[in-house]
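Below you'll find the structure, written out as structure tokens, and then a few comments.
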Amino acid sequence: MTITQLQETKKGRFSVFVDGEFLFSVHKDTFLTRQELALGRQITVEVLEEIRLADELLSCKEKALTLLEYSSHSAGRLAEKLRRFYPAETVEAVIQRLTELGLLDDLDYGRRLAADLLNLRGYSLGRVRQELYRRRLDPETIQEVMDGLGDVDQIGPIVALVRKKYLQKLREPQGRGKVAAALQRRGYQYDEIREALALVLEELPDEDEEEGEE
């Protein structure tokens with residue numbers, strides 16, 4: 001088999017033609033470092049396949065690093081995205097290497113995500129667990145993250161959330177039920193919601209007091 005043409009593509013890759021037929025394209029770095037890729041060079045099927053697999057691995061690594069540069073990912077979530085473009089075995093090798101390099105750390109990722117969900121978005125512990133699962137963290141890591149949170153006060157965050165987002169709705173007819181439903185969708189338990197709403201309602205002036213102020 002003979003390499004009969006090497007042609008740069010619009011995307012900066014190089015197309016490899018063998019015996020007049022296109023086989024595959026390779027990354028610029030692959031083209032520059034593999035001496036076998038030379039016009040007129042005799043080459044075997046085995047070498048061609050080895051070059052193709054090595055280039056596929058390089059491409060997958062670059063895609064992974066681009067995704068990580070854009071936003072943090074769990075290993076599972078990153079692998080899920082990469083499998084849309086690359087074979088499972090290639091993705092697995094890339095995930096393993098990135099983990100070895102410390103570029104993927106599911107436990108650290110899970111802890112930071114849980115803290116943000118609790119403190120910035122007012123999620124319940126149950127909703128945090130669901131979100132960790134949705135981000136493709138494995139069960140052992142999720143449990144370790146949740147254990148690390150300790151005894152988190154759930155009443156205080158509900159009270160703060162109601163004051164910030166639902167106070168006006170709470171004054172409406174049947175508002176208490178609507179607010180409770182909204183809080184349940186955030187993952188809070190009914191007993192927690194009931195206790196928090198009771199505290200907020202105690203703070204609200206009754207209608208007679210409001211009319212007297214006017």
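Just so we're on the same page: first chain in the structure tokens is A, next is B, and so on; residues restart at 1 for each chain, and ligands are numbered from 1 in the order they show up.
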
Residue contacts of Tyr188 in chain A (12 Å, only C-alpha atoms) excluding same-chain residues fewer than 5 positions away, as a short mmCIF file (atom, residue, chain, number, x, y, z; two decimals) with C-alpha atoms, in the first residue's frame:
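Writing done, so here's selection.cif:
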```
data_model
loop_
_atom_site.label_atom_id
_atom_site.label_comp_id
_atom_site.auth_asym_id
_atom_site.auth_seq_id
_atom_site.Cartn_x
_atom_site.Cartn_y
_atom_site.Cartn_z
CA LEU A 118 -27.16 24.84 49.20
CA GLY A 122 -31.37 27.34 48.32
CA TYR A 123 -31.71 23.67 47.42
CA SER A 124 -32.70 21.09 49.99
CA LEU A 125 -30.41 18.19 50.85
CA GLY A 126 -32.67 15.88 48.89
CA ARG A 127 -32.56 18.11 45.84
CA VAL A 128 -28.77 18.38 46.15
CA ARG A 129 -28.51 14.58 46.09
CA ASP A 153 -30.01 23.56 58.84
CA GLN A 154 -32.95 23.27 56.45
CA ILE A 155 -35.39 25.60 58.19
CA GLY A 156 -33.22 28.72 57.95
CA PRO A 157 -32.70 28.47 54.19
CA ILE A 158 -36.44 27.95 53.63
CA VAL A 159 -37.26 31.01 55.70
CA LEU A 161 -35.99 31.80 50.47
CA VAL A 179 -45.65 28.49 48.23
CA ALA A 180 -45.51 25.09 49.91
CA ALA A 181 -45.81 23.38 46.51
CA ALA A 182 -43.02 25.54 45.09
CA LEU A 183 -40.78 24.64 48.02
CA ILE A 193 -41.84 23.68 54.98
CA ARG A 194 -44.61 23.83 57.55
CA GLU A 195 -42.23 24.87 60.31
CA ALA A 196 -40.54 27.51 58.15
#
```

DSSP-assigned alpha helix (DSSP H) members of range 47-172 of chain A, reported as a PyMOL selection string: chain A and resi 47-70+75-82+88-100+106-119+125-134+139-149+155-161+167-170

Produce a table with one row for each residue of range 46-130 of chain A that has an atom at most 10 Å from any atom of range 21-24 of chain A, each row naming the nearest atom pair and its distance in Å at one decimal; use only C-alpha atoms; arrange rows by chain and rising residue number; format as a Markdown table.
```
| residue | atom | partner | partner_atom | distance |
| --- | --- | --- | --- | --- |
| A:Leu48 | CA | A:Leu23 | CA | 9.0 |
| A:Glu49 | CA | A:Phe24 | CA | 10.0 |
| A:Arg52 | CA | A:Phe24 | CA | 7.5 |
```

Which residue gives the smallest distance to Thr99 in chain A among A:Met146, A:Leu78, A:Ala198, A:Leu117, with only C-alpha atoms counted? A:Leu78

Nearest-residue call for Leu6 in chain A, choices A:Asp29, A:Arg97, A:Leu37, A:Ile43, using only C-alpha atoms: A:Leu37

Which residue of A:Gln35, A:Gln143, A:Val18, A:Leu104 approaches Leu65 in chain A most closely, using only C-alpha atoms: A:Leu104
